[in-house]
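Engineer: Got data-v4.csv for you, CSV, C-alpha atoms and all ligand atoms:
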```
chain,number,residue,atom,x,y,z
A,1,MET,CA,180.9,48.5,245.5
A,2,ARG,CA,183.3,51.5,245.3
A,3,THR,CA,184.0,52.6,241.8
A,4,PRO,CA,187.6,53.4,240.7
A,5,ASP,CA,189.0,56.9,240.4
A,6,ALA,CA,190.6,56.2,237.0
A,7,VAL,CA,190.5,53.4,234.5
A,8,THR,CA,192.7,52.8,231.4
A,9,ALA,CA,191.7,50.5,228.5
A,10,ARG,CA,193.4,49.7,225.3
A,11,ALA,CA,192.2,48.6,221.9
A,12,PRO,CA,194.0,47.3,218.8
A,13,ALA,CA,194.3,48.5,215.2
A,14,LYS,CA,192.8,46.2,212.6
A,15,ILE,CA,193.6,45.2,209.1
A,16,ASN,CA,191.2,43.6,206.6
A,17,ALA,CA,192.8,40.5,205.1
A,18,HIS,CA,189.7,40.2,202.9
A,19,LEU,CA,187.3,43.1,202.1
A,20,ALA,CA,184.6,42.4,199.6
A,21,VAL,CA,182.2,45.4,199.1
A,22,GLY,CA,178.7,44.9,197.7
A,23,PRO,CA,176.6,47.6,196.0
A,24,LEU,CA,175.5,50.8,197.8
A,25,ARG,CA,172.5,50.1,200.1
A,26,PRO,CA,169.5,52.5,200.5
A,27,ASP,CA,170.9,53.4,204.0
A,28,GLY,CA,174.1,54.8,202.5
A,29,PHE,CA,176.3,51.9,203.6
A,30,HIS,CA,177.7,49.0,201.5
A,31,GLU,CA,177.1,45.3,202.2
A,32,LEU,CA,180.4,43.8,203.2
A,33,ARG,CA,182.1,40.4,203.5
A,34,THR,CA,185.3,41.1,205.4
A,35,VAL,CA,187.9,39.2,207.4
A,36,TYR,CA,189.1,41.4,210.2
A,37,LEU,CA,192.4,40.8,212.0
A,38,ALA,CA,193.3,42.7,215.2
A,39,VAL,CA,197.0,43.6,215.3
A,40,SER,CA,199.5,44.7,218.0
A,41,LEU,CA,199.3,48.5,217.6
A,42,PHE,CA,197.2,50.0,220.4
A,43,ASP,CA,195.5,53.2,221.4
A,44,THR,CA,194.7,53.7,225.1
A,45,VAL,CA,191.9,55.6,226.7
A,46,THR,CA,192.1,56.7,230.3
A,47,VAL,CA,188.9,57.9,232.0
A,48,ARG,CA,188.6,59.7,235.3
A,49,ALA,CA,185.7,60.9,237.4
A,50,GLY,CA,184.7,64.4,236.2
A,51,ASP,CA,181.8,66.9,236.0
A,52,GLY,CA,180.4,66.7,232.5
A,53,LEU,CA,182.7,65.5,229.6
A,54,SER,CA,186.1,66.7,228.6
A,55,LEU,CA,188.5,65.2,226.1
A,56,ALA,CA,192.3,65.4,225.6
A,57,LEU,CA,194.5,63.8,223.0
A,58,THR,CA,198.2,62.9,223.1
A,59,GLY,CA,200.5,61.0,220.7
A,60,GLU,CA,199.9,60.3,217.0
A,61,GLY,CA,197.9,63.0,215.4
A,62,ALA,CA,197.8,65.4,218.3
A,63,GLU,CA,200.2,67.7,216.6
A,64,ALA,CA,197.9,67.9,213.6
A,65,ALA,CA,195.4,70.0,215.6
A,66,GLY,CA,193.6,72.4,213.2
A,67,GLY,CA,195.0,70.6,210.1
A,68,PRO,CA,193.1,68.3,207.6
A,69,ASP,CA,194.0,65.1,209.6
A,70,ALA,CA,193.2,66.6,213.0
A,71,VAL,CA,191.3,64.3,215.4
A,72,PRO,CA,188.5,66.4,216.9
A,73,THR,CA,188.5,66.8,220.7
A,74,ASP,CA,184.8,67.7,221.1
A,75,ASN,CA,181.5,65.9,220.6
A,76,ARG,CA,182.5,64.9,217.0
A,77,ASN,CA,185.0,62.5,218.5
A,78,LEU,CA,183.8,58.9,218.7
A,79,VAL,CA,185.1,58.6,222.3
A,80,TRP,CA,182.8,61.5,223.3
A,81,ARG,CA,179.9,59.9,221.5
A,82,ALA,CA,180.7,56.5,223.2
A,83,ALA,CA,180.5,58.2,226.6
A,84,GLU,CA,177.1,59.8,225.8
A,85,LEU,CA,175.8,56.6,224.4
A,86,LEU,CA,176.8,54.4,227.3
A,87,ALA,CA,175.6,57.0,229.9
A,88,ASP,CA,172.2,57.1,228.1
A,89,HIS,CA,172.0,53.3,227.8
A,90,ALA,CA,172.8,52.8,231.5
A,91,GLY,CA,170.8,55.8,232.8
A,92,VAL,CA,173.8,57.5,234.5
A,93,ARG,CA,175.2,61.0,234.1
A,94,ALA,CA,177.9,61.4,231.4
A,95,ASP,CA,180.6,62.6,233.8
A,96,ALA,CA,184.2,61.9,233.0
A,97,THR,CA,187.5,63.3,231.8
A,98,LEU,CA,188.6,61.3,228.8
A,99,GLU,CA,192.2,61.1,227.6
A,100,ILE,CA,193.2,59.3,224.4
A,101,ALA,CA,196.8,58.3,223.9
A,102,LYS,CA,197.1,57.5,220.2
A,103,SER,CA,199.6,55.2,218.5
A,104,ILE,CA,197.3,54.3,215.7
A,105,PRO,CA,197.4,57.0,213.0
A,106,ALA,CA,194.0,58.6,212.1
A,107,ALA,CA,192.3,58.2,208.7
A,108,ALA,CA,194.8,55.4,207.9
A,109,GLY,CA,192.5,52.5,207.3
A,110,LEU,CA,193.4,50.9,210.6
A,111,ALA,CA,190.2,51.7,212.6
A,112,GLY,CA,192.0,54.0,215.0
A,113,GLY,CA,188.9,56.0,215.8
A,114,SER,CA,186.9,52.7,216.3
A,115,ALA,CA,189.6,51.4,218.6
A,116,ASP,CA,189.3,54.6,220.7
A,117,ALA,CA,185.5,54.3,220.9
A,118,ALA,CA,185.8,50.6,221.9
A,119,ALA,CA,188.4,51.3,224.6
A,120,ALA,CA,186.2,54.2,225.9
A,121,LEU,CA,183.1,51.9,226.2
A,122,VAL,CA,185.1,49.3,228.2
A,123,ALA,CA,186.9,51.9,230.4
A,124,LEU,CA,183.7,53.9,231.2
A,125,ASP,CA,181.7,50.8,231.9
A,126,ALA,CA,184.3,50.0,234.6
A,127,LEU,CA,184.5,53.7,235.9
A,128,TRP,CA,180.8,54.1,236.1
A,129,GLY,CA,180.1,50.5,237.3
A,130,THR,CA,177.4,50.2,234.6
A,131,ARG,CA,178.2,46.5,234.1
A,132,ALA,CA,177.2,46.2,230.5
A,133,ASP,CA,177.6,42.7,229.2
A,134,ARG,CA,179.5,41.9,226.0
A,135,ASP,CA,176.3,41.8,223.9
A,136,ASP,CA,175.3,45.2,225.2
A,137,LEU,CA,178.7,46.6,224.4
A,138,LEU,CA,178.7,45.2,220.9
A,139,ALA,CA,175.2,46.7,220.3
A,140,LEU,CA,176.3,50.1,221.5
A,141,ALA,CA,179.5,49.8,219.5
A,142,ALA,CA,177.5,49.1,216.3
A,143,GLN,CA,175.7,52.4,216.8
A,144,LEU,CA,179.0,54.2,216.9
A,145,GLY,CA,180.5,52.8,213.6
A,146,SER,CA,180.8,49.8,211.4
A,147,ASP,CA,184.2,48.7,212.7
A,148,VAL,CA,183.7,49.5,216.4
A,149,PRO,CA,182.2,46.0,217.3
A,150,PHE,CA,185.3,44.4,215.9
A,151,SER,CA,187.5,46.7,218.0
A,152,VAL,CA,185.6,45.5,221.1
A,153,LEU,CA,185.9,41.8,220.0
A,154,GLY,CA,189.4,41.6,218.6
A,155,GLY,CA,191.0,38.4,217.4
A,156,VAL,CA,190.0,37.3,213.9
A,157,ALA,CA,186.4,37.6,212.7
A,158,LEU,CA,184.3,37.4,209.6
A,159,GLY,CA,182.3,40.7,209.3
A,160,THR,CA,179.0,40.9,207.3
A,161,GLY,CA,176.2,43.5,207.1
A,162,ARG,CA,178.0,46.8,207.1
A,163,GLY,CA,180.8,45.1,209.0
A,164,GLU,CA,179.1,45.1,212.4
A,165,GLN,CA,177.8,41.5,212.3
A,166,LEU,CA,180.7,39.4,213.5
A,167,THR,CA,181.5,35.7,213.5
A,168,PRO,CA,184.7,34.9,215.4
A,169,VAL,CA,187.2,32.8,213.4
A,170,LEU,CA,189.9,30.6,214.9
A,171,ALA,CA,193.4,31.4,213.7
A,172,ARG,CA,196.0,28.6,214.0
A,173,ARG,CA,198.9,30.9,214.5
A,174,SER,CA,200.1,34.5,214.7
A,175,TRP,CA,200.8,36.4,211.6
A,176,HIS,CA,203.5,39.0,211.2
A,177,TRP,CA,203.0,42.2,209.2
A,178,VAL,CA,204.6,45.5,208.4
A,179,LEU,CA,202.3,48.5,208.2
A,180,GLY,CA,203.6,51.1,205.8
A,181,ILE,CA,201.9,54.3,206.9
A,182,ALA,CA,201.6,57.0,204.3
A,183,GLY,CA,201.8,60.8,204.9
A,184,GLU,CA,198.2,62.0,204.6
A,185,GLY,CA,195.0,60.3,205.6
A,186,LEU,CA,192.2,59.2,203.3
A,187,SER,CA,188.5,59.8,204.1
A,188,THR,CA,186.6,56.5,204.3
A,189,PRO,CA,183.3,57.9,202.7
A,190,SER,CA,185.3,59.4,199.8
A,191,VAL,CA,187.0,56.0,199.1
A,192,TYR,CA,183.6,54.3,199.1
A,193,ALA,CA,182.2,57.1,196.8
A,194,GLU,CA,185.2,56.6,194.4
A,195,LEU,CA,184.3,52.8,194.3
A,196,ASP,CA,180.7,53.7,193.4
A,197,ARG,CA,182.0,56.0,190.6
A,198,LEU,CA,184.4,53.4,189.2
A,199,ARG,CA,181.5,50.9,189.2
A,200,ALA,CA,179.1,53.3,187.5
A,201,GLU,CA,181.7,53.7,184.8
A,202,GLY,CA,182.1,49.9,184.5
A,203,ARG,CA,185.8,50.1,185.3
A,204,VAL,CA,185.6,47.6,188.2
A,205,PRO,CA,183.2,44.7,188.8
A,206,ASP,CA,179.8,45.9,190.1
A,207,GLY,CA,180.0,44.0,193.4
A,208,ARG,CA,176.6,42.3,193.1
A,209,THR,CA,178.5,39.0,193.6
A,210,LEU,CA,180.6,39.4,196.7
A,211,LEU,CA,184.1,38.0,196.4
A,212,PRO,CA,184.2,34.9,198.7
A,213,ALA,CA,186.3,35.0,201.8
A,214,GLU,CA,187.0,31.2,201.8
A,215,PRO,CA,190.6,31.5,200.3
A,216,VAL,CA,191.6,33.9,203.2
A,217,LEU,CA,189.8,31.9,205.8
A,218,ALA,CA,191.4,28.6,204.6
A,219,ALA,CA,194.8,30.2,204.6
A,220,LEU,CA,194.2,31.6,208.1
A,221,ARG,CA,193.2,28.1,209.3
A,222,THR,CA,196.0,26.1,207.7
A,223,GLY,CA,198.8,28.4,206.7
A,224,PRO,CA,201.5,28.6,205.3
A,225,ALA,CA,202.0,32.4,205.2
A,226,ALA,CA,202.7,32.4,201.5
A,227,ALA,CA,199.1,31.1,200.9
A,228,LEU,CA,197.7,33.9,203.0
A,229,GLY,CA,199.9,36.4,201.1
A,230,THR,CA,198.3,35.4,197.7
A,231,ALA,CA,194.8,35.2,199.1
A,232,LEU,CA,194.7,38.8,200.4
A,233,ALA,CA,191.9,40.9,198.6
A,234,ASN,CA,190.4,44.3,199.0
A,235,ASP,CA,187.7,45.9,196.8
A,236,LEU,CA,188.6,49.3,198.3
A,237,GLN,CA,192.1,49.1,196.9
A,238,ALA,CA,191.2,50.2,193.4
A,239,PRO,CA,189.4,53.4,194.6
A,240,ALA,CA,192.1,54.2,197.1
A,241,LEU,CA,194.7,53.9,194.3
A,242,GLY,CA,192.5,56.1,192.2
A,243,LEU,CA,192.4,58.8,194.8
A,244,ARG,CA,196.1,58.4,195.8
A,245,PRO,CA,198.1,57.2,192.8
A,246,ALA,CA,201.3,57.2,194.8
A,247,LEU,CA,200.0,54.2,196.7
A,248,ARG,CA,200.8,52.0,193.6
A,249,ARG,CA,204.5,52.7,194.2
A,250,ALA,CA,204.0,52.0,197.9
A,251,LEU,CA,202.5,48.6,197.2
A,252,ARG,CA,205.3,47.8,194.7
A,253,ALA,CA,207.8,48.9,197.3
A,254,ALA,CA,206.4,46.4,199.8
A,255,THR,CA,206.6,43.5,197.3
A,256,ASP,CA,210.0,44.6,196.1
A,257,ALA,CA,211.1,44.5,199.7
A,258,GLY,CA,210.1,40.9,200.0
A,259,ALA,CA,206.5,40.9,201.3
A,260,LEU,CA,204.6,37.6,200.8
A,261,GLY,CA,201.7,39.7,199.9
A,262,ALA,CA,200.7,43.4,200.3
A,263,LEU,CA,197.4,45.2,200.2
A,264,VAL,CA,195.8,48.5,201.1
A,265,SER,CA,194.4,48.2,204.6
A,266,GLY,CA,190.7,49.0,204.7
A,267,SER,CA,190.1,52.3,202.9
A,268,GLY,CA,193.8,53.1,203.1
A,269,PRO,CA,196.2,54.7,202.7
A,270,THR,CA,198.2,52.3,205.0
A,271,VAL,CA,199.8,49.4,203.2
A,272,ALA,CA,199.8,46.0,205.1
A,273,ALA,CA,202.6,43.7,204.0
A,274,LEU,CA,202.8,40.1,205.2
A,275,ALA,CA,206.1,38.4,206.3
A,276,GLU,CA,206.9,34.8,206.9
A,277,ASP,CA,207.8,35.3,210.6
A,278,GLU,CA,209.0,38.0,213.0
A,279,PRO,CA,212.6,38.2,211.9
A,280,ALA,CA,211.4,38.4,208.3
A,281,ALA,CA,209.0,41.2,209.3
A,282,VAL,CA,211.8,43.2,210.9
A,283,ARG,CA,213.9,42.8,207.7
A,284,LEU,CA,210.9,43.7,205.6
A,285,ALA,CA,210.3,46.8,207.7
A,286,ALA,CA,213.9,48.0,207.2
A,287,ALA,CA,213.7,47.4,203.5
A,288,MET,CA,210.3,49.2,203.2
A,289,ALA,CA,211.6,52.1,205.3
A,290,GLY,CA,214.5,52.4,202.8
A,291,GLU,CA,212.1,52.7,199.8
A,292,GLY,CA,211.4,56.3,201.0
A,293,VAL,CA,207.6,56.2,200.3
A,294,PHE,CA,206.3,55.7,203.8
A,295,ARG,CA,206.1,58.2,206.7
A,296,THR,CA,206.6,55.4,209.2
A,297,VAL,CA,206.7,51.6,209.2
A,298,ARG,CA,205.5,49.5,212.1
A,299,VAL,CA,206.1,45.8,212.7
A,300,VAL,CA,202.9,44.2,214.2
A,301,ALA,CA,201.5,40.8,214.8
A,302,GLY,CA,198.0,39.4,215.1
A,303,PRO,CA,195.5,38.2,216.2
A,304,VAL,CA,195.5,40.1,219.5
A,305,ALA,CA,192.6,40.6,221.9
A,306,GLY,CA,190.0,43.4,221.6
A,307,ALA,CA,189.3,46.3,223.9
A,308,ARG,CA,190.4,45.5,227.5
A,309,VAL,CA,190.9,47.3,230.7
A,310,VAL,CA,194.7,47.6,231.4
A,311,PRO,CA,195.3,46.4,235.0
A,312,GLY,CA,196.7,49.4,236.9
B,401,LIG,O1,180.3,53.1,210.0
B,401,LIG,P1,181.3,54.2,209.8
B,401,LIG,O2,180.8,55.5,210.5
B,401,LIG,O3,182.7,53.9,210.1
B,401,LIG,O4,181.2,54.5,208.2
B,401,LIG,C1,181.8,55.7,207.7
B,401,LIG,C2,181.4,55.8,206.2
B,401,LIG,O5,182.0,54.8,205.4
B,401,LIG,C3,179.9,55.7,206.0
B,401,LIG,O6,179.2,56.9,206.2
B,401,LIG,C4,179.8,55.2,204.6
B,401,LIG,O7,180.1,56.3,203.7
B,401,LIG,C5,181.1,54.3,204.5
B,401,LIG,N1,180.8,52.9,204.7
B,401,LIG,C6,180.1,52.2,203.7
B,401,LIG,N2,179.8,50.9,203.9
B,401,LIG,C7,180.2,50.3,205.0
B,401,LIG,C8,180.9,51.0,206.0
B,401,LIG,C9,181.2,52.3,205.8
B,401,LIG,O8,179.7,52.8,202.7
B,401,LIG,N3,179.9,49.0,205.2
```
The structure given in the file should be rewritten as structure tokens.
Structural biologist:
Amino acid sequence: MRTPDAVTARAPAKINAHLAVGPLRPDGFHELRTVYLAVSLFDTVTVRAGDGLSLALTGEGAEAAGGPDAVPTDNRNLVWRAAELLADHAGVRADATLEIAKSIPAAAGLAGGSADAAAALVALDALWGTRADRDDLLALAAQLGSDVPFSVLGGVALGTGRGEQLTPVLARRSWHWVLGIAGEGLSTPSVYAELDRLRAEGRVPDGRTLLPAEPVLAALRTGPAAALGTALANDLQAPALGLRPALRRALRAATDAGALGALVSGSGPTVAALAEDEPAAVRLAAAMAGEGVFRTVRVVAGPVAGARVVPG
């Protein structure tokens, strides 16, 4: 079969409607119990036949080249590593030009880098004709990062282990959110380290008993939106607020603007604010934008599918 000259795949951002973090494990990761939800903000990765690997970046974050929030365009980029990993797994040469078109801001708690890696795996599998099945892709994804398997899977899922062990969850309906994106990114390892510090000082619960996900799972199954709004929980919110005190005002801004619930997404600093329906989300976005604490606000809905080739 002839392989294509170019393939484009897209993958969604995620929010964690529930993120319970256990104690630090000997391997440097924390045990999680999390409920991932894929939302309608997408990065795309286009791959073309090439000689060796090269990587280019456009869109969100591309202008930050050289700055603290810069996305690397060499072998430190997860897309580059995804290409090497798939080539190695399939026994083919890692030959491709890789182009990431970013809409998901980097270091925002939205798994943008994981989305890029997931899209790259799916696109390169089609370009190279390596025919990895879903389980192979999920196993490769887990080697790239804790959130990458979910970026492949999409939808709604319960994540355990370090987040890479997934159980799909059925959602009865679509949920409408406003993402309030703050100016500067937060580094995920530093937010986890701040949580460990707060725990060592006894300022937050030690995490030996993981907060149950049932309230969020029940709300996702049966609605109404207000029930999901009150069930939202994130153990990384306290350390994110510790490192970025301005986030407290951002969360208040979301609630003042009429959100049914608001929380820091993943390790932050994005604030995810829940609305009743799409018109309410549009109104909430306008009100949040007017609060003057966010760089951008985006209206999104989820669940949406995971990494997919875009028909071209
Ligand atoms: O898996 P990933 O590369 O995205 O993780 C980045 C960092 O986030 C890890 O090196 C670790 O510091 C922290 N982390 C963690 N526990 C997890 C997931 C991530 O401590 N379950």
Engineer: Set the cut-off to 7 Å, count all atoms listed in the file, and list whatever residues fall near ligand LIG 401 (chain B) as a list of chain:residue names.
Structural biologist: A:Leu24, A:Gly28, A:Phe29, A:His30, A:Glu31, A:Leu32, A:Leu144, A:Gly145, A:Ser146, A:Asp147, A:Gly161, A:Arg162, A:Gly163, A:Thr188, A:Pro189, A:Tyr192
Engineer: Can I get the selected residues back with C-alpha atoms, as a compact mmCIF listing (two decimals), in the coordinates of the input?
Structural biologist:
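Below is the file selection-v1.txt, written as the result:
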```
# COMPACT_ATOMS: atom_id res chain seq x y z
CA LEU A 24 175.50 50.80 197.80
CA GLY A 28 174.10 54.80 202.50
CA PHE A 29 176.30 51.90 203.60
CA HIS A 30 177.70 49.00 201.50
CA GLU A 31 177.10 45.30 202.20
CA LEU A 32 180.40 43.80 203.20
CA LEU A 144 179.00 54.20 216.90
CA GLY A 145 180.50 52.80 213.60
CA SER A 146 180.80 49.80 211.40
CA ASP A 147 184.20 48.70 212.70
CA GLY A 161 176.20 43.50 207.10
CA ARG A 162 178.00 46.80 207.10
CA GLY A 163 180.80 45.10 209.00
CA THR A 188 186.60 56.50 204.30
CA PRO A 189 183.30 57.90 202.70
CA TYR A 192 183.60 54.30 199.10
```
Engineer: Any idea what the distance is between CA of Asp51 in chain A and CA of Gly113 in chain A?
Structural biologist: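 These two atoms are separated by 24.0 Å.
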Engineer: Hey, what's within 12 Å of Leu153 in chain A if we count only C-alpha atoms and toss same-chain stuff fewer than 3 positions away? As an MDAnalysis selection string, please?
Structural biologist: chainID A and resid 11:14 36:38 114:115 118:119 122 134:135 137:139 141:142 147:150 156:159 164:169 303:308
Engineer: Suppose you want the space between CA of Pro26 in chain A and CA of Leu198 in chain A; what is it in Å?
Structural biologist: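 Atom-to-atom, CA of Pro26 in chain A and CA of Leu198 in chain A are spaced 18.7 Å apart.
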Engineer: Could you check the closest approach to Gly292 in chain A for each of A:Gly183, A:Lys102, A:Asp5, A:Gly258 and tell me which residue wins, using only C-alpha atoms?
Structural biologist: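 Among A:Gly183, A:Lys102, A:Asp5, A:Gly258, it is A:Gly183 that comes nearest to Gly292 in chain A.
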Engineer: What does the distance between CA of Ala193 in chain A and CA of Gly109 in chain A come to in Å, to one decimal place?
Structural biologist: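 About the pair CA of Ala193 in chain A and CA of Gly109 in chain A: they are 15.4 Å apart.
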Engineer: Applying 12 Å and only C-alpha atoms, which residues near Ala246 in chain A remain after dropping the ones on its own chain fewer than 2 positions away? List them as a list in words.
Structural biologist: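 After dropping sequence-adjacent residues, the list is Ala182, Gly183, Glu184, Ala240, Leu241, Gly242, Leu243, Arg244, Arg248, Arg249, Ala250, Leu251, Arg252, Ala253, Gly268, Pro269, Thr270, Val271, Gly292, Val293 and Phe294 of chain A.
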Engineer: Using only C-alpha atoms, which of the listed residues (A:Ala231, A:Val178, A:Val7, A:Ala200) sits closest to Asp277 in chain A?
Structural biologist: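 Using only C-alpha atoms, the shortest distance to Asp277 in chain A belongs to A:Val178.
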Engineer: Tell me which of A:Ala56, A:Leu124, A:Pro311, A:Glu201 sits closest to Arg93 in chain A, counting only C-alpha atoms.
Structural biologist: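 Smallest distance to Arg93 in chain A is found for A:Leu124.
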Engineer: Draw an axis-aligned box tight on the listed atoms of range 136-154 of chain A, then pad every side by 5 Å and write out centre and edge lengths in Å to one decimal as AutoDock Vina command-line options.
Structural biologist:
```
--center_x 182.3 --center_y 47.9 --center_z 218.3 --size_x 24.2 --size_y 22.6 --size_z 23.8
```
Engineer: Counting all atoms listed in the file, figure out which residue out of A:Ala301, A:Ala83, A:Leu78, A:Val191 gets nearest to Arg173 in chain A.
Structural biologist: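 Of A:Ala301, A:Ala83, A:Leu78, A:Val191, the one nearest Arg173 in chain A, counting all atoms listed in the file, is A:Ala301.
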Engineer: What's the 6 Å shell around Thr44 in chain A, counting all atoms listed in the file, without same-chain residues fewer than 4 positions away, as a list in words?
Structural biologist: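 My reading of the contact set: Ala9, Arg10, Ile100 and Ala101 of chain A.
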Engineer: Calculated over only C-alpha atoms, which of the candidates A:Ala280, A:Ala225, A:Leu247, A:Leu179 has the smallest distance to Thr296 in chain A?
Structural biologist: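 Once distances to Thr296 in chain A are computed over only C-alpha atoms, the minimum belongs to A:Leu179.
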Engineer: Counting all atoms listed in the file, which residue out of A:Ser54, A:Ser265, A:Thr160, A:Ser187 sits closest to Asp95 in chain A?
Structural biologist: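 Under the stated criterion, the closest residue is A:Ser54.
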Engineer: At a cut-off of 12 Å, using all atoms listed in the file, what residues contact Gly290 in chain A? Leave out same-chain residues fewer than 5 positions from it and give the result as a count of residues only.
Structural biologist: 12
Engineer: Could you list, as a list in words, every residue within 9 Å of Ala90 in chain A, counting all atoms listed in the file and ignoring same-chain residues fewer than 5 positions away?
Structural biologist: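 Final neighbour list, sorted by chain and number: Leu85, Thr130, Arg131 and Ala132 of chain A.
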Engineer: Quick one: range 69-90 of chain A from the block, N, CA and C atoms, as a PDB file, in the first residue's frame.
Structural biologist:
```
ATOM      1  N   ASP A  69       8.553  30.616  28.724  1.00  0.00           N
ATOM      2  CA  ASP A  69       7.451  29.721  28.352  1.00  0.00           C
ATOM      3  C   ASP A  69       7.654  29.110  26.967  1.00  0.00           C
ATOM      4  N   ALA A  70       8.866  29.221  26.429  1.00  0.00           N
ATOM      5  CA  ALA A  70       9.106  28.756  25.063  1.00  0.00           C
ATOM      6  C   ALA A  70       8.921  27.244  24.969  1.00  0.00           C
ATOM      7  N   VAL A  71       8.295  26.812  23.886  1.00  0.00           N
ATOM      8  CA  VAL A  71       8.166  25.381  23.605  1.00  0.00           C
ATOM      9  C   VAL A  71       9.405  24.994  22.798  1.00  0.00           C
ATOM     10  N   PRO A  72      10.182  23.988  23.239  1.00  0.00           N
ATOM     11  CA  PRO A  72      11.404  23.639  22.499  1.00  0.00           C
ATOM     12  C   PRO A  72      11.079  23.044  21.124  1.00  0.00           C
ATOM     13  N   THR A  73      11.962  23.258  20.158  1.00  0.00           N
ATOM     14  CA  THR A  73      11.718  22.692  18.810  1.00  0.00           C
ATOM     15  C   THR A  73      12.825  21.682  18.452  1.00  0.00           C
ATOM     16  N   ASP A  74      13.445  21.096  19.485  1.00  0.00           N
ATOM     17  CA  ASP A  74      14.459  20.072  19.239  1.00  0.00           C
ATOM     18  C   ASP A  74      14.043  18.779  19.948  1.00  0.00           C
ATOM     19  N   ASN A  75      15.025  17.918  20.234  1.00  0.00           N
ATOM     20  CA  ASN A  75      14.647  16.607  20.792  1.00  0.00           C
ATOM     21  C   ASN A  75      14.133  16.661  22.224  1.00  0.00           C
ATOM     22  N   ARG A  76      14.014  17.870  22.812  1.00  0.00           N
ATOM     23  CA  ARG A  76      13.347  17.978  24.118  1.00  0.00           C
ATOM     24  C   ARG A  76      11.824  18.048  23.935  1.00  0.00           C
ATOM     25  N   ASN A  77      11.384  18.338  22.715  1.00  0.00           N
ATOM     26  CA  ASN A  77       9.940  18.420  22.474  1.00  0.00           C
ATOM     27  C   ASN A  77       9.342  17.011  22.468  1.00  0.00           C
ATOM     28  N   LEU A  78       8.191  16.865  23.126  1.00  0.00           N
ATOM     29  CA  LEU A  78       7.545  15.542  23.216  1.00  0.00           C
ATOM     30  C   LEU A  78       7.183  14.980  21.845  1.00  0.00           C
ATOM     31  N   VAL A  79       6.929  15.846  20.868  1.00  0.00           N
ATOM     32  CA  VAL A  79       6.587  15.381  19.520  1.00  0.00           C
ATOM     33  C   VAL A  79       7.801  14.696  18.891  1.00  0.00           C
ATOM     34  N   TRP A  80       8.943  15.284  19.074  1.00  0.00           N
ATOM     35  CA  TRP A  80      10.196  14.704  18.576  1.00  0.00           C
ATOM     36  C   TRP A  80      10.425  13.347  19.221  1.00  0.00           C
ATOM     37  N   ARG A  81      10.209  13.303  20.557  1.00  0.00           N
ATOM     38  CA  ARG A  81      10.426  12.036  21.281  1.00  0.00           C
ATOM     39  C   ARG A  81       9.394  10.993  20.871  1.00  0.00           C
ATOM     40  N   ALA A  82       8.173  11.449  20.581  1.00  0.00           N
ATOM     41  CA  ALA A  82       7.132  10.520  20.106  1.00  0.00           C
ATOM     42  C   ALA A  82       7.575   9.888  18.787  1.00  0.00           C
ATOM     43  N   ALA A  83       8.160  10.692  17.908  1.00  0.00           N
ATOM     44  CA  ALA A  83       8.612  10.187  16.607  1.00  0.00           C
ATOM     45  C   ALA A  83       9.716   9.144  16.795  1.00  0.00           C
ATOM     46  N   GLU A  84      10.685   9.441  17.669  1.00  0.00           N
ATOM     47  CA  GLU A  84      11.782   8.491  17.900  1.00  0.00           C
ATOM     48  C   GLU A  84      11.263   7.188  18.516  1.00  0.00           C
ATOM     49  N   LEU A  85      10.320   7.346  19.442  1.00  0.00           N
ATOM     50  CA  LEU A  85       9.787   6.176  20.150  1.00  0.00           C
ATOM     51  C   LEU A  85       9.001   5.274  19.196  1.00  0.00           C
ATOM     52  N   LEU A  86       8.135   5.856  18.361  1.00  0.00           N
ATOM     53  CA  LEU A  86       7.335   5.050  17.428  1.00  0.00           C
ATOM     54  C   LEU A  86       8.243   4.378  16.394  1.00  0.00           C
ATOM     55  N   ALA A  87       9.240   5.133  15.898  1.00  0.00           N
ATOM     56  CA  ALA A  87      10.157   4.570  14.904  1.00  0.00           C
ATOM     57  C   ALA A  87      10.895   3.368  15.501  1.00  0.00           C
ATOM     58  N   ASP A  88      11.357   3.538  16.731  1.00  0.00           N
ATOM     59  CA  ASP A  88      12.086   2.485  17.417  1.00  0.00           C
ATOM     60  C   ASP A  88      11.182   1.256  17.627  1.00  0.00           C
ATOM     61  N   HIS A  89       9.963   1.522  18.076  1.00  0.00           N
ATOM     62  CA  HIS A  89       8.997   0.443  18.345  1.00  0.00           C
ATOM     63  C   HIS A  89       8.677  -0.335  17.060  1.00  0.00           C
ATOM     64  N   ALA A  90       8.545   0.401  15.953  1.00  0.00           N
ATOM     65  CA  ALA A  90       8.089  -0.234  14.709  1.00  0.00           C
ATOM     66  C   ALA A  90       9.260  -0.700  13.843  1.00  0.00           C
TER      67      ALA A  90
END
```
